[in-house]
Amino acid sequence: MIRAAKPAAALAALALTVLTASAVPAAGVTAPLPAAAATADPLAALRGQQPRWHPCTTSPEDTAGAELDAAGAGCTELAVPLDYRRPDGPTTGVALARLPATDQARRLGTLFYNPGGPGVPARDLALTLRRAAPGLAARYDIVGMGPRFVGASTPSTAAGPRPAPARPAPTG
């Protein structure tokens, strides 16, 4: 369980770093990290990603993407390590959707939303959160993330059947 939490926390930190950087106007873009910092931090290159927000709909059958587009969302994909024990190794893509705060004059920041899982394509749940908590959605941009290999994120290329996710034991 602890091993699973570390990659999730690292992914959230990476996404927030990139999303925060993407909110900076073009004139305020920072210079690339010095070479010493890049070698000290194997994730430095991934943290420097600039999201390219685009429409969410991927095909005529993509009703979730169409709903996000109708709500004013932008979608993007970010590269993340395939294995956080080898952060400078192969990467895979995670999908994100960003819904802007509905009251931009009173906007406080960004809320990164992933309700857990496993296997839940939470990118599309940003819209569900906006509907469920309109007061929250007024003050925060809501970013939903599809975890690795789920939903609109890059599918797994591993061969063979996958075991079903473990279910918690009944509590009584």
# chains A, B, ... in the order shown; residues from 1 in each chain; ligands from 1
call {"tool": "residues_around", "arguments": {"residues": "stretch 100-106 of chain A", "least_positions_apart": "2", "cutoff": "9 Å", "atoms": "only C-alpha atoms", "output": "PyMOL selection string"}}
result
chain A and resi 72-74+98+108-110+134+136-143
call {"tool": "write_last_selection", "arguments": {"atoms": "C-alpha atoms", "output": "short mmCIF file (atom, residue, chain, number, x, y, z; two decimals), in the first residue's frame"}}
result
data_model
loop_
_atom_site.label_atom_id
_atom_site.label_comp_id
_atom_site.auth_asym_id
_atom_site.auth_seq_id
_atom_site.Cartn_x
_atom_site.Cartn_y
_atom_site.Cartn_z
CA GLY A 72 -15.70 24.80 -21.25
CA ALA A 73 -13.01 22.29 -20.25
CA GLY A 74 -9.62 21.91 -21.84
CA ARG A 98 -9.30 21.39 -16.55
CA LEU A 108 -8.49 31.09 -5.51
CA GLY A 109 -6.50 28.50 -7.46
CA THR A 110 -6.58 24.96 -8.79
CA PRO A 134 -20.89 24.49 -7.27
CA LEU A 136 -16.13 24.97 -4.77
CA ALA A 137 -16.26 25.10 -8.57
CA ALA A 138 -16.89 28.84 -8.42
CA ARG A 139 -13.57 29.49 -6.64
CA TYR A 140 -11.27 26.79 -8.08
CA ASP A 141 -10.27 25.48 -11.46
CA ILE A 142 -10.97 21.75 -11.20
CA VAL A 143 -8.48 19.38 -12.78
#
call {"tool": "residues_around", "arguments": {"residues": "stretch 127-132 of chain A", "least_positions_apart": "6", "cutoff": "8 Å", "atoms": "only C-alpha atoms", "output": "JSON, numbers by chain"}}
result
{"A": [68, 71, 99, 142]}
call {"tool": "atom_distance", "arguments": {"atom1": "atom CA of A:Asp83", "atom2": "atom CA of A:Ala122"}}
result
20.7 Å
call {"tool": "select_by_dssp", "arguments": {"residues": "stretch 56-167 of chain A", "states": "strand (DSSP E)", "output": "ChimeraX atom specification"}}
result
/A:74-81,91-99,109-113,140-146
call {"tool": "atom_distance", "arguments": {"atom1": "atom CA of A:Gln49", "atom2": "atom CA of A:Ala66"}}
result
25.6 Å
call {"tool": "atom_distance", "arguments": {"atom1": "atom CA of A:Pro55", "atom2": "atom CA of A:Phe112"}}
result
19.0 Å
call {"tool": "closest_residue", "arguments": {"among": "A:Cys56, A:Val80, A:Leu125, A:Ala70", "to": "A:Leu43", "atoms": "only C-alpha atoms"}}
result
A:Val80
call {"tool": "closest_residue", "arguments": {"among": "A:Gly146, A:Pro60, A:Pro42, A:Gly135", "to": "A:Arg107", "atoms": "only C-alpha atoms"}}
result
A:Gly135
